[in-house]
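Coordinates as given in final35.pdb (PDB, C-alpha atoms, pLDDT in the B column):
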MODEL        1
ATOM      1  CA  MET A   1     102.394 120.149 102.153  1.00 52.00           C
ATOM      2  CA  GLY A   2     102.007 116.522 103.261  1.00 69.00           C
ATOM      3  CA  ASP A   3     100.485 114.830 106.276  1.00 87.00           C
ATOM      4  CA  THR A   4     102.336 113.624 109.326  1.00 92.00           C
ATOM      5  CA  TRP A   5     101.711 110.002 110.195  1.00 94.00           C
ATOM      6  CA  VAL A   6     101.962 109.220 113.896  1.00 95.00           C
ATOM      7  CA  TYR A   7     102.677 105.733 115.178  1.00 95.00           C
ATOM      8  CA  HIS A   8     102.319 104.712 118.756  1.00 92.00           C
ATOM      9  CA  HIS A   9     105.092 102.653 120.406  1.00 94.00           C
ATOM     10  CA  GLN A  10     104.015  99.110 121.198  1.00 91.00           C
ATOM     11  CA  ASP A  11     104.488  96.700 124.052  1.00 90.00           C
ATOM     12  CA  LEU A  12     105.319  93.454 122.225  1.00 89.00           C
ATOM     13  CA  GLY A  13     105.054  91.262 125.309  1.00 87.00           C
ATOM     14  CA  GLU A  14     108.740  91.384 126.182  1.00 87.00           C
ATOM     15  CA  PRO A  15     109.893  91.130 129.799  1.00 84.00           C
ATOM     16  CA  VAL A  16     109.233  94.387 131.648  1.00 84.00           C
ATOM     17  CA  HIS A  17     111.864  96.834 132.859  1.00 86.00           C
ATOM     18  CA  VAL A  18     113.187  96.360 136.378  1.00 86.00           C
ATOM     19  CA  ASP A  19     110.808  99.091 137.615  1.00 88.00           C
ATOM     20  CA  GLY A  20     107.830  97.163 136.246  1.00 85.00           C
ATOM     21  CA  SER A  21     107.167  99.430 133.269  1.00 87.00           C
ATOM     22  CA  PRO A  22     106.745  97.805 129.834  1.00 87.00           C
ATOM     23  CA  ILE A  23     109.370  97.833 127.097  1.00 90.00           C
ATOM     24  CA  LEU A  24     107.915  99.943 124.303  1.00 92.00           C
ATOM     25  CA  ARG A  25     109.266  99.589 120.764  1.00 94.00           C
ATOM     26  CA  PRO A  26     108.962 102.191 117.996  1.00 95.00           C
ATOM     27  CA  VAL A  27     107.157 100.072 115.410  1.00 95.00           C
ATOM     28  CA  VAL A  28     105.604 100.700 112.019  1.00 96.00           C
ATOM     29  CA  PRO A  29     103.291  98.400 110.012  1.00 95.00           C
ATOM     30  CA  LEU A  30     104.803  96.963 106.833  1.00 96.00           C
ATOM     31  CA  ILE A  31     102.771  95.390 104.041  1.00 95.00           C
ATOM     32  CA  VAL A  32     104.604  92.602 102.206  1.00 94.00           C
ATOM     33  CA  ALA A  33     101.622  91.448 100.117  1.00 91.00           C
ATOM     34  CA  ALA A  34      98.200  92.995  99.580  1.00 87.00           C
ATOM     35  CA  GLU A  35      96.267  90.029 100.948  1.00 88.00           C
ATOM     36  CA  LEU A  36      98.387  89.616 104.092  1.00 93.00           C
ATOM     37  CA  PRO A  37      98.294  91.429 107.428  1.00 94.00           C
ATOM     38  CA  ALA A  38     101.034  93.894 108.234  1.00 95.00           C
ATOM     39  CA  VAL A  39     104.237  92.688 109.820  1.00 96.00           C
ATOM     40  CA  LEU A  40     105.982  94.874 112.360  1.00 96.00           C
ATOM     41  CA  GLY A  41     109.131  96.840 111.610  1.00 97.00           C
ATOM     42  CA  VAL A  42     111.113  98.233 114.550  1.00 96.00           C
ATOM     43  CA  LEU A  43     113.003 101.465 113.951  1.00 97.00           C
ATOM     44  CA  ASP A  44     116.613 101.357 115.160  1.00 95.00           C
ATOM     45  CA  SER A  45     118.675 104.420 114.322  1.00 92.00           C
ATOM     46  CA  GLY A  46     121.762 102.708 115.769  1.00 91.00           C
ATOM     47  CA  SER A  47     121.641  99.914 113.226  1.00 91.00           C
ATOM     48  CA  PRO A  48     123.667 100.617 110.084  1.00 91.00           C
ATOM     49  CA  ILE A  49     121.506  98.373 107.883  1.00 93.00           C
ATOM     50  CA  SER A  50     118.055  96.794 107.732  1.00 96.00           C
ATOM     51  CA  VAL A  51     117.408  93.075 108.199  1.00 95.00           C
ATOM     52  CA  ALA A  52     114.376  90.806 108.343  1.00 97.00           C
ATOM     53  CA  SER A  53     113.277  87.268 108.958  1.00 96.00           C
ATOM     54  CA  ALA A  54     114.255  85.075 105.999  1.00 96.00           C
ATOM     55  CA  ASP A  55     110.657  83.775 106.007  1.00 97.00           C
ATOM     56  CA  LEU A  56     109.457  87.089 104.558  1.00 97.00           C
ATOM     57  CA  PHE A  57     111.479  87.008 101.363  1.00 97.00           C
ATOM     58  CA  ALA A  58     109.371  84.497  99.438  1.00 96.00           C
ATOM     59  CA  PHE A  59     106.412  86.865  99.901  1.00 96.00           C
ATOM     60  CA  LEU A  60     108.580  89.694  98.574  1.00 96.00           C
ATOM     61  CA  GLY A  61     109.366  87.741  95.410  1.00 96.00           C
ATOM     62  CA  VAL A  62     112.875  86.696  96.431  1.00 97.00           C
ATOM     63  CA  ASP A  63     114.134  83.111  96.461  1.00 97.00           C
ATOM     64  CA  ILE A  64     117.022  83.351  98.886  1.00 96.00           C
ATOM     65  CA  GLU A  65     118.340  79.928  97.827  1.00 95.00           C
ATOM     66  CA  ALA A  66     118.380  80.668  94.087  1.00 96.00           C
ATOM     67  CA  ASP A  67     118.489  84.441  93.553  1.00 97.00           C
ATOM     68  CA  ASP A  68     121.771  86.312  93.550  1.00 97.00           C
ATOM     69  CA  PRO A  69     122.102  88.667  96.514  1.00 97.00           C
ATOM     70  CA  LEU A  70     123.373  92.219  96.115  1.00 97.00           C
ATOM     71  CA  TYR A  71     126.074  91.391  98.642  1.00 95.00           C
ATOM     72  CA  GLU A  72     126.787  89.324 101.718  1.00 94.00           C
ATOM     73  CA  ILE A  73     127.859  90.537 105.146  1.00 90.00           C
ATOM     74  CA  PRO A  74     128.811  88.958 108.468  1.00 86.00           C
ATOM     75  CA  LEU A  75     126.262  90.054 111.024  1.00 81.00           C
ATOM     76  CA  SER A  76     125.213  89.468 114.586  1.00 70.00           C
ATOM     77  CA  VAL A  77     121.612  90.102 115.534  1.00 58.00           C
ATOM     78  CA  GLY A  78     119.680  88.882 118.546  1.00 56.00           C
ATOM     79  CA  GLY A  79     122.660  86.959 119.873  1.00 60.00           C
ATOM     80  CA  GLY A  80     123.319  84.906 116.698  1.00 60.00           C
ATOM     81  CA  PHE A  81     126.152  85.265 114.193  1.00 69.00           C
ATOM     82  CA  GLU A  82     126.127  84.284 110.538  1.00 77.00           C
ATOM     83  CA  ARG A  83     126.796  85.573 107.058  1.00 86.00           C
ATOM     84  CA  THR A  84     123.750  87.444 105.871  1.00 92.00           C
ATOM     85  CA  LEU A  85     122.559  87.732 102.262  1.00 96.00           C
ATOM     86  CA  VAL A  86     121.276  91.174 101.298  1.00 97.00           C
ATOM     87  CA  PHE A  87     118.628  91.625  98.576  1.00 98.00           C
ATOM     88  CA  ARG A  88     116.914  94.635  97.017  1.00 97.00           C
ATOM     89  CA  VAL A  89     113.186  94.422  97.897  1.00 97.00           C
ATOM     90  CA  ARG A  90     110.141  96.665  97.856  1.00 96.00           C
ATOM     91  CA  LEU A  91     108.080  97.209 101.010  1.00 96.00           C
ATOM     92  CA  ARG A  92     104.959  99.253 101.689  1.00 95.00           C
ATOM     93  CA  LEU A  93     104.572 101.312 104.846  1.00 95.00           C
ATOM     94  CA  GLY A  94     100.963 101.161 106.076  1.00 94.00           C
ATOM     95  CA  SER A  95      99.199 104.247 107.400  1.00 92.00           C
ATOM     96  CA  PRO A  96      98.513 104.388 111.172  1.00 91.00           C
ATOM     97  CA  GLY A  97      95.478 102.452 112.366  1.00 79.00           C
ATOM     98  CA  ASP A  98      93.876 100.629 109.466  1.00 76.00           C
ATOM     99  CA  HIS A  99      96.864 100.596 107.033  1.00 79.00           C
ATOM    100  CA  THR A 100      94.506 101.554 104.203  1.00 78.00           C
ATOM    101  CA  HIS A 101      96.993 103.974 102.684  1.00 85.00           C
ATOM    102  CA  GLY A 102     100.614 103.269 102.110  1.00 90.00           C
ATOM    103  CA  VAL A 103     103.964 104.451 100.872  1.00 93.00           C
ATOM    104  CA  SER A 104     106.096 101.999  98.899  1.00 94.00           C
ATOM    105  CA  TRP A 105     109.839 102.180  98.749  1.00 95.00           C
ATOM    106  CA  SER A 106     112.819 100.051  97.771  1.00 96.00           C
ATOM    107  CA  LEU A 107     115.514  99.053 100.195  1.00 97.00           C
ATOM    108  CA  ASP A 108     118.401  96.661 100.662  1.00 97.00           C
ATOM    109  CA  LEU A 109     117.296  94.082 103.231  1.00 98.00           C
ATOM    110  CA  GLY A 110     119.345  91.348 104.864  1.00 96.00           C
ATOM    111  CA  ALA A 111     117.750  87.901 105.186  1.00 96.00           C
ATOM    112  CA  ARG A 112     118.244  86.277 108.584  1.00 91.00           C
ATOM    113  CA  SER A 113     117.308  82.696 109.315  1.00 89.00           C
ATOM    114  CA  ARG A 114     116.366  81.454 112.809  1.00 86.00           C
ATOM    115  CA  TRP A 115     114.739  84.829 113.527  1.00 90.00           C
ATOM    116  CA  ARG A 116     113.261  84.856 117.038  1.00 90.00           C
ATOM    117  CA  LEU A 117     112.570  88.543 117.593  1.00 93.00           C
ATOM    118  CA  PRO A 118     108.998  89.752 118.253  1.00 94.00           C
ATOM    119  CA  PHE A 119     109.003  91.864 115.086  1.00 96.00           C
ATOM    120  CA  ALA A 120     109.748  90.678 111.546  1.00 97.00           C
ATOM    121  CA  VAL A 121     111.886  93.568 110.265  1.00 97.00           C
ATOM    122  CA  LEU A 122     114.583  95.734 111.825  1.00 96.00           C
ATOM    123  CA  LEU A 123     114.770  99.073 110.013  1.00 97.00           C
ATOM    124  CA  GLY A 124     118.110 100.851 110.291  1.00 96.00           C
ATOM    125  CA  GLN A 125     120.073 103.718 108.767  1.00 95.00           C
ATOM    126  CA  ARG A 126     120.308 102.110 105.321  1.00 95.00           C
ATOM    127  CA  GLY A 127     116.814 101.184 104.229  1.00 96.00           C
ATOM    128  CA  TRP A 128     114.759 103.392 106.529  1.00 97.00           C
ATOM    129  CA  PHE A 129     116.450 106.485 107.918  1.00 96.00           C
ATOM    130  CA  ASP A 130     118.035 107.280 104.541  1.00 95.00           C
ATOM    131  CA  SER A 131     114.520 107.266 103.029  1.00 94.00           C
ATOM    132  CA  PHE A 132     112.223 108.648 105.739  1.00 95.00           C
ATOM    133  CA  PRO A 133     112.943 111.702 107.927  1.00 95.00           C
ATOM    134  CA  THR A 134     111.704 110.309 111.223  1.00 96.00           C
ATOM    135  CA  ARG A 135     111.117 111.744 114.672  1.00 96.00           C
ATOM    136  CA  ILE A 136     111.079 109.233 117.525  1.00 95.00           C
ATOM    137  CA  ASP A 137     109.865 110.774 120.795  1.00 94.00           C
ATOM    138  CA  ALA A 138     110.480 108.447 123.740  1.00 90.00           C
ATOM    139  CA  THR A 139     108.924 110.946 126.174  1.00 92.00           C
ATOM    140  CA  THR A 140     105.507 110.457 124.579  1.00 92.00           C
ATOM    141  CA  SER A 141     106.223 107.067 122.938  1.00 92.00           C
ATOM    142  CA  ILE A 142     105.387 108.104 119.407  1.00 94.00           C
ATOM    143  CA  VAL A 143     106.987 108.050 115.961  1.00 96.00           C
ATOM    144  CA  GLU A 144     106.245 110.979 113.647  1.00 95.00           C
ATOM    145  CA  LEU A 145     106.716 110.707 109.923  1.00 93.00           C
ATOM    146  CA  PRO A 146     106.107 113.584 107.500  1.00 89.00           C
ATOM    147  CA  VAL A 147     104.698 111.525 104.654  1.00 83.00           C
ATOM    148  CA  GLY A 148     104.609 114.357 102.133  1.00 68.00           C
ATOM    149  CA  SER A 149     108.381 114.470 102.103  1.00 56.00           C
ATOM    150  CA  THR A 150     108.698 110.800 101.185  1.00 57.00           C
ATOM    151  CA  GLY A 151     106.691 110.641  97.981  1.00 52.00           C
ATOM    152  CA  ASP A 152     103.136 109.952  96.928  1.00 54.00           C
ATOM    153  CA  VAL A 153     100.691 108.260  99.246  1.00 58.00           C
ATOM    154  CA  GLU A 154      98.994 105.241  97.670  1.00 63.00           C
ATOM    155  CA  HIS A 155      95.372 104.386  98.402  1.00 53.00           C
TER
ATOM    156  CA  MET B   1     105.487  84.782 144.502  1.00 50.00           C
ATOM    157  CA  ARG B   2     105.652  88.115 142.751  1.00 52.00           C
ATOM    158  CA  LYS B   3     106.434  91.089 144.975  1.00 64.00           C
ATOM    159  CA  ALA B   4     103.976  93.951 145.185  1.00 71.00           C
ATOM    160  CA  PRO B   5     105.243  96.981 143.254  1.00 70.00           C
ATOM    161  CA  THR B   6     106.896  99.718 145.271  1.00 75.00           C
ATOM    162  CA  ARG B   7     105.465 103.211 145.315  1.00 74.00           C
ATOM    163  CA  GLY B   8     108.112 104.267 142.783  1.00 72.00           C
ATOM    164  CA  GLN B   9     107.243 101.394 140.455  1.00 68.00           C
ATOM    165  CA  SER B  10     103.551 102.212 140.690  1.00 70.00           C
ATOM    166  CA  ARG B  11     104.274 105.832 139.900  1.00 69.00           C
ATOM    167  CA  ALA B  12     106.423 104.833 136.908  1.00 63.00           C
ATOM    168  CA  ARG B  13     103.636 102.593 135.585  1.00 62.00           C
ATOM    169  CA  ARG B  14     101.080 105.415 135.947  1.00 63.00           C
ATOM    170  CA  VAL B  15     103.371 107.722 133.956  1.00 60.00           C
ATOM    171  CA  ILE B  16     103.741 105.091 131.240  1.00 56.00           C
ATOM    172  CA  GLU B  17      99.980 104.484 131.147  1.00 58.00           C
ATOM    173  CA  ARG B  18      99.330 108.219 130.793  1.00 56.00           C
ATOM    174  CA  ARG B  19     101.821 108.382 127.930  1.00 52.00           C
ATOM    175  CA  LEU B  20     100.267 105.352 126.269  1.00 50.00           C
ATOM    176  CA  ALA B  21      96.805 106.882 126.578  1.00 50.00           C
ATOM    177  CA  ALA B  22      98.050 110.176 125.156  1.00 46.00           C
ATOM    178  CA  GLY B  23      99.711 108.330 122.314  1.00 44.00           C
ATOM    179  CA  ARG B  24      96.522 106.368 121.565  1.00 43.00           C
ATOM    180  CA  ARG B  25      94.494 109.564 121.347  1.00 39.00           C
ATOM    181  CA  ARG B  26      96.967 111.011 118.873  1.00 37.00           C
ATOM    182  CA  ALA B  27      97.828 107.919 116.882  1.00 39.00           C
ATOM    183  CA  GLY B  28      94.444 106.211 116.692  1.00 35.00           C
ATOM    184  CA  THR B  29      93.894 102.504 117.197  1.00 35.00           C
ATOM    185  CA  VAL B  30      96.556 100.574 119.040  1.00 41.00           C
ATOM    186  CA  HIS B  31      97.354  97.150 117.683  1.00 52.00           C
ATOM    187  CA  GLY B  32      99.153  94.607 119.774  1.00 72.00           C
ATOM    188  CA  VAL B  33      98.453  91.273 121.375  1.00 77.00           C
ATOM    189  CA  ARG B  34      95.982  91.506 124.260  1.00 79.00           C
ATOM    190  CA  ALA B  35      97.847  91.330 127.578  1.00 77.00           C
ATOM    191  CA  GLU B  36      95.853  88.336 128.819  1.00 79.00           C
ATOM    192  CA  LEU B  37      96.895  86.307 125.743  1.00 83.00           C
ATOM    193  CA  VAL B  38     100.646  86.840 126.045  1.00 84.00           C
ATOM    194  CA  GLU B  39     101.411  83.880 128.333  1.00 86.00           C
ATOM    195  CA  ARG B  40      99.318  81.479 126.248  1.00 91.00           C
ATOM    196  CA  PHE B  41     101.148  82.252 122.995  1.00 93.00           C
ATOM    197  CA  ARG B  42     104.725  82.697 124.243  1.00 92.00           C
ATOM    198  CA  GLY B  43     107.296  81.742 121.589  1.00 93.00           C
ATOM    199  CA  ARG B  44     104.747  81.671 118.743  1.00 95.00           C
ATOM    200  CA  TRP B  45     104.001  83.914 115.777  1.00 96.00           C
ATOM    201  CA  VAL B  46     100.447  85.241 116.016  1.00 96.00           C
ATOM    202  CA  ALA B  47      98.090  87.040 113.637  1.00 95.00           C
ATOM    203  CA  LEU B  48      95.993  89.639 115.428  1.00 93.00           C
ATOM    204  CA  ASP B  49      92.648  91.168 114.556  1.00 90.00           C
ATOM    205  CA  ASP B  50      91.831  94.831 115.078  1.00 85.00           C
ATOM    206  CA  ALA B  51      91.082  94.237 118.779  1.00 85.00           C
ATOM    207  CA  GLY B  52      94.316  92.355 119.514  1.00 86.00           C
ATOM    208  CA  ASN B  53      92.730  88.905 119.530  1.00 91.00           C
ATOM    209  CA  VAL B  54      94.737  86.017 118.077  1.00 94.00           C
ATOM    210  CA  VAL B  55      93.078  84.671 114.919  1.00 95.00           C
ATOM    211  CA  ALA B  56      95.876  82.253 113.943  1.00 96.00           C
ATOM    212  CA  ASP B  57      99.250  81.193 115.282  1.00 96.00           C
ATOM    213  CA  SER B  58     102.257  79.127 114.264  1.00 97.00           C
ATOM    214  CA  GLU B  59     105.778  78.329 115.374  1.00 96.00           C
ATOM    215  CA  GLU B  60     107.195  79.806 112.149  1.00 96.00           C
ATOM    216  CA  LEU B  61     106.437  83.133 110.476  1.00 97.00           C
ATOM    217  CA  GLY B  62     106.476  81.680 106.960  1.00 96.00           C
ATOM    218  CA  ALA B  63     104.007  78.940 107.858  1.00 97.00           C
ATOM    219  CA  LEU B  64     101.652  81.460 109.458  1.00 97.00           C
ATOM    220  CA  LEU B  65     101.707  83.784 106.428  1.00 96.00           C
ATOM    221  CA  GLU B  66     101.121  80.850 104.051  1.00 96.00           C
ATOM    222  CA  ARG B  67      98.155  79.729 106.121  1.00 95.00           C
ATOM    223  CA  LEU B  68      96.626  83.219 106.213  1.00 95.00           C
ATOM    224  CA  GLU B  69      97.118  83.612 102.468  1.00 93.00           C
ATOM    225  CA  ALA B  70      95.604  80.214 101.648  1.00 94.00           C
ATOM    226  CA  ALA B  71      92.607  80.730 103.922  1.00 93.00           C
ATOM    227  CA  GLY B  72      92.037  84.344 102.907  1.00 90.00           C
ATOM    228  CA  MET B  73      91.840  85.075 106.616  1.00 89.00           C
ATOM    229  CA  HIS B  74      91.635  88.718 107.701  1.00 88.00           C
ATOM    230  CA  ALA B  75      94.087  89.960 110.295  1.00 92.00           C
ATOM    231  CA  ASN B  76      95.554  93.341 111.113  1.00 91.00           C
ATOM    232  CA  THR B  77      99.133  92.562 112.113  1.00 93.00           C
ATOM    233  CA  VAL B  78     101.518  89.695 112.716  1.00 95.00           C
ATOM    234  CA  GLN B  79     104.059  89.502 115.515  1.00 95.00           C
ATOM    235  CA  ARG B  80     105.961  86.932 117.557  1.00 95.00           C
ATOM    236  CA  VAL B  81     105.160  86.730 121.244  1.00 93.00           C
ATOM    237  CA  PRO B  82     108.589  86.483 122.884  1.00 91.00           C
ATOM    238  CA  GLY B  83     109.466  83.227 124.612  1.00 89.00           C
ATOM    239  CA  ALA B  84     109.802  83.379 128.387  1.00 84.00           C
ATOM    240  CA  ASP B  85     113.582  82.840 128.177  1.00 85.00           C
ATOM    241  CA  ASP B  86     114.284  84.920 125.065  1.00 85.00           C
ATOM    242  CA  PRO B  87     117.101  87.443 125.528  1.00 81.00           C
ATOM    243  CA  LEU B  88     116.219  91.117 125.196  1.00 82.00           C
ATOM    244  CA  PHE B  89     117.209  92.521 121.804  1.00 82.00           C
ATOM    245  CA  VAL B  90     119.324  95.657 122.101  1.00 80.00           C
ATOM    246  CA  GLY B  91     120.603  96.055 118.548  1.00 71.00           C
ATOM    247  CA  LEU B  92     122.869  94.815 115.807  1.00 60.00           C
ATOM    248  CA  SER B  93     126.573  94.399 116.329  1.00 48.00           C
TER
ENDMDL
END
Let me see the file written as structure tokens.
Amino acid sequence: MGDTWVYHHQDLGEPVHVDGSPILRPVVPLIVAAELPAVLGVLDSGSPISVASADLFAFLGVDIEADDPLYEIPLSVGGGFERTLVFRVRLRLGSPGDHTHGVSWSLDLGARSRWRLPFAVLLGQRGWFDSFPTRIDATTSIVELPVGSTGDVEH
Amino acid sequence: MRKAPTRGQSRARRVIERRLAAGRRRAGTVHGVRAELVERFRGRWVALDDAGNVVADSEELGALLERLEAAGMHANTVQRVPGADDPLFVGLS
């Protein structure tokens, strides 16, 4: 029987809703390298794939100019349109709070240049929801993740 | 001049604050940029400490991560503070 990790939605400083309430995003901390702080991944069950800022890939061991991608897709995200290279990478999900524990997994991740979103990674159906059974509760603004079902927890 | 919130807006904010507080109790520490720092760092990538203070910032994510790595600087999370005119992201298409 594993633990359930609970992540609190975050206000990333985006413009507020028309009623004055903040926009809260379901985010999880992602470790790209042991010596670096976590970057934020936003969970988006409506997105068919996962994409990230191209700036991250060098830290994930991928040279997007030289390495062969798995495939290439046309994609619009955040108002921009371009062909997007997709690479197989390994990320580590940090535990809530101090990120001292983690769960590593492999995923196909698209590399987007000119990324201007407040988070560094968008986690969609392929890459997140096909790996982690996830409950997003917008009434209490939390994400629940049964870690035991996803593999071993690393310390 | 910003208008004063209506009674409905105030009520909505109180509901949100209650939910945030409930979430914090369940989920532990909340990490995010401190509200009073948002305007100052609009449009920039920031590295935050455990209290939400900005310990480093840069226009580009890659440059910020390189700087943190080179300096061995401790931070909890990295995010971009949205620019004042940035469109709201509503998903891939």
ask   = Taking all atoms listed in the file into account, what are the residues of chain A at most 7 Å from chain B, put as a PyMOL selection string?
value = chain A and resi 6-8+10+12-14+19-21+35-40+47+55-56+75-78+96-97+117-119+140-142
request  = State, in Å with one decimal place, the distance from CA of Ile31 (chain A) to CA of Glu36 (chain B).
outcome  =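 Those two atoms sit 26.7 Å apart.
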inquiry  = I'd like the interatomic distance between CA of Ser53 (chain A) and CA of Phe87 (chain A), to a tenth of an Å.
reply    = 12.5 Å
message = For a test of reading the model, state the distance in Å between CA of Asp63 (chain A) and CA of Arg88 (chain A), rounded to one decimal.
response =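 Atom-to-atom, CA of Asp63 (chain A) to CA of Arg88 (chain A), that is 11.9 Å.
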key: Residue nearest Trp115 (chain A) - candidates A:Thr4, A:Arg25, A:Val42, A:Val51, atoms counted: all atoms listed in the file   = A:Val51
Nearest-residue call for Gly41 (chain A), choices A:Glu72, A:Leu93, A:His17, A:Arg83, using all atoms listed in the file = A:Leu93
request  = Kindly indicate which residue among A:Glu82, A:Asp108, A:Asp44, A:Asp67 lies nearest to Gln125 (chain A), using all atoms listed in the file for the distances.
outcome  =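 Closest to Gln125 (chain A) of all the choices is A:Asp44.
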